[in-house]
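Beneath this line is the structure, given in structure tokens, with notes to follow.
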Amino acid sequence: MREIAGKDGGMHVFQPVSFEDIESGPYQFGGDNWMLITSEKDGKVNSMTASWGGVGYIWDKRCSFIFVRESRYTKELLDASGVYSLSFMDHKEYHGTMKYLGMVSGRNEDKIAGARLHIGRDQGIPYLDEASSVILCRIMYRQAFEESGFVVPDIVKKVYKDGDYHTMYVGEMVKAMIR
Ligand SMILES: Cc1cc2nc3c(=O)[nH]c(=O)nc-3n(C[C@H](O)[C@H](O)[C@H](O)COP(=O)(O)O)c2cc1C
């Protein structure tokens, strides 16, 4: 195989880095970087905690990718409204709040009132006023994961024993805001 040389005629030297070190900006995913997915149906706004997702680029648009299980009340709201926001909170200050929003379902109570959070709105899309940064998204594509699609079957055994599969939502980023 032919090696492609750098400007100085030698090969470039690469150092391994952790993924976290090359992620930049206010939107970080994985680990302790939880976010709140906020959506609405029939005038009722609800937020749920999520840690899986990301931002990227597809169909010549900047998008966010989120993964919501069939059983979530949030899924019903996403499918009804076609829009959502991602609110990124100060993790220390809102850790307890995000645990609550990630344990209780909005089917059973008004979680935003319960968490003493406030709803902001931009272009008709609700978000959390207490957030440090916000992404507003319009859903472009959704697809539920299926067992047949998994190349690594261990994931099905580990994550979907109960059949409660995630649906992937690809949302066009309509606006990003930082406080
Ligand atoms: C740290 C954390 C991360 C979570 N990430 C996700 C996620 O990415 N997708 C998902 O469907 N549920 C996730 N959950 C679970 C939901 O937040 C939880 O089931 C919530 O009660 C759903 O609320 P809802 O029924 O009002 O939509 C997470 C929970 C926590 C605590």
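Each chain of the structure tokens is named A, B, ... in the order shown, its residues numbered from 1; ligands are numbered from 1 in display order.
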What are the nearest atom pairs, with distances in Å to one decimal, for all residues of chain A that come at most 10 Å from ligand 1, using only C-alpha atoms and all ligand atoms, set out by chain and rising residue number as CSV?
```
residue,atom,partner,partner_atom_place_in_ligand_line,distance
A:Gly30,CA,ligand 1,3 (C),9.3
A:Gly31,CA,ligand 1,1 (C),8.8
A:Asp32,CA,ligand 1,1 (C),7.6
A:Asn33,CA,ligand 1,1 (C),8.3
A:Trp34,CA,ligand 1,1 (C),5.8
A:Met35,CA,ligand 1,3 (C),8.0
A:Leu36,CA,ligand 1,17 (O),8.2
A:Ile37,CA,ligand 1,27 (O),8.5
A:Thr38,CA,ligand 1,27 (O),8.9
A:Ser39,CA,ligand 1,27 (O),9.1
A:Val45,CA,ligand 1,26 (O),9.7
A:Asn46,CA,ligand 1,26 (O),6.2
A:Ser47,CA,ligand 1,26 (O),6.2
A:Met48,CA,ligand 1,17 (O),4.5
A:Thr49,CA,ligand 1,17 (O),4.0
A:Ala50,CA,ligand 1,5 (N),3.2
A:Ser51,CA,ligand 1,5 (N),4.3
A:Trp52,CA,ligand 1,8 (O),4.1
A:Gly53,CA,ligand 1,8 (O),6.7
A:Ile66,CA,ligand 1,8 (O),6.8
A:Phe67,CA,ligand 1,9 (N),5.1
A:Val68,CA,ligand 1,11 (O),3.4
A:Arg69,CA,ligand 1,11 (O),4.0
A:Glu70,CA,ligand 1,11 (O),7.4
A:Ser71,CA,ligand 1,25 (O),7.0
A:Arg72,CA,ligand 1,25 (O),4.0
A:Tyr73,CA,ligand 1,25 (O),3.8
A:Thr74,CA,ligand 1,27 (O),3.6
A:Lys75,CA,ligand 1,27 (O),6.6
A:Glu76,CA,ligand 1,27 (O),8.2
A:Leu77,CA,ligand 1,27 (O),8.3
A:Leu78,CA,ligand 1,27 (O),9.6
A:His95,CA,ligand 1,1 (C),9.2
A:Gly96,CA,ligand 1,31 (C),9.7
A:Thr97,CA,ligand 1,31 (C),9.8
A:Met98,CA,ligand 1,31 (C),6.7
A:Lys99,CA,ligand 1,31 (C),4.9
A:Tyr100,CA,ligand 1,31 (C),7.5
A:Leu101,CA,ligand 1,21 (O),5.8
A:Gly102,CA,ligand 1,17 (O),3.2
A:Met103,CA,ligand 1,21 (O),4.0
A:Val104,CA,ligand 1,21 (O),4.2
A:Ser105,CA,ligand 1,25 (O),3.5
A:Gly106,CA,ligand 1,26 (O),3.6
A:Arg107,CA,ligand 1,25 (O),6.1
A:Asn108,CA,ligand 1,26 (O),8.1
A:Glu109,CA,ligand 1,26 (O),8.5
A:Asp110,CA,ligand 1,26 (O),8.9
A:Lys111,CA,ligand 1,26 (O),7.5
A:Ile112,CA,ligand 1,26 (O),9.9
A:Asp164,CA,ligand 1,11 (O),9.1
A:Tyr165,CA,ligand 1,11 (O),8.6
A:His166,CA,ligand 1,11 (O),6.3
A:Thr167,CA,ligand 1,11 (O),8.2
A:Met168,CA,ligand 1,9 (N),9.5
```
Q: Any chance you could list, as a PyMOL selection string, the residues in region 8-156 of chain A that come up strand (DSSP E or B) when DSSP is run on the backbone?
A: chain A and resi 30+33+35-41+44-50+53-58+61-69+83-88+119-122+125-128+133-144
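When CA of Ser18 (chain A) is paired with CA of Lys158 (chain A), their separation reads 25.6 Å.
Distances to Gln143 (chain A) were evaluated for A:Asp129, A:Asp162, A:Asp122, A:Asp79 using only C-alpha atoms, and the minimum falls at A:Asp79.
Taking CA of Met177 (chain A) as the reference point, CA of Val134 (chain A) is found at 5.1 Å.
You will find CA of Tyr94 (chain A) at 13.3 Å from CA of Gly114 (chain A).
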Q: Give the alpha helix (DSSP H) residues of region 8-44 of chain A, as assigned by DSSP on the backbone, as a PyMOL selection string.
A: chain A and resi 19-22
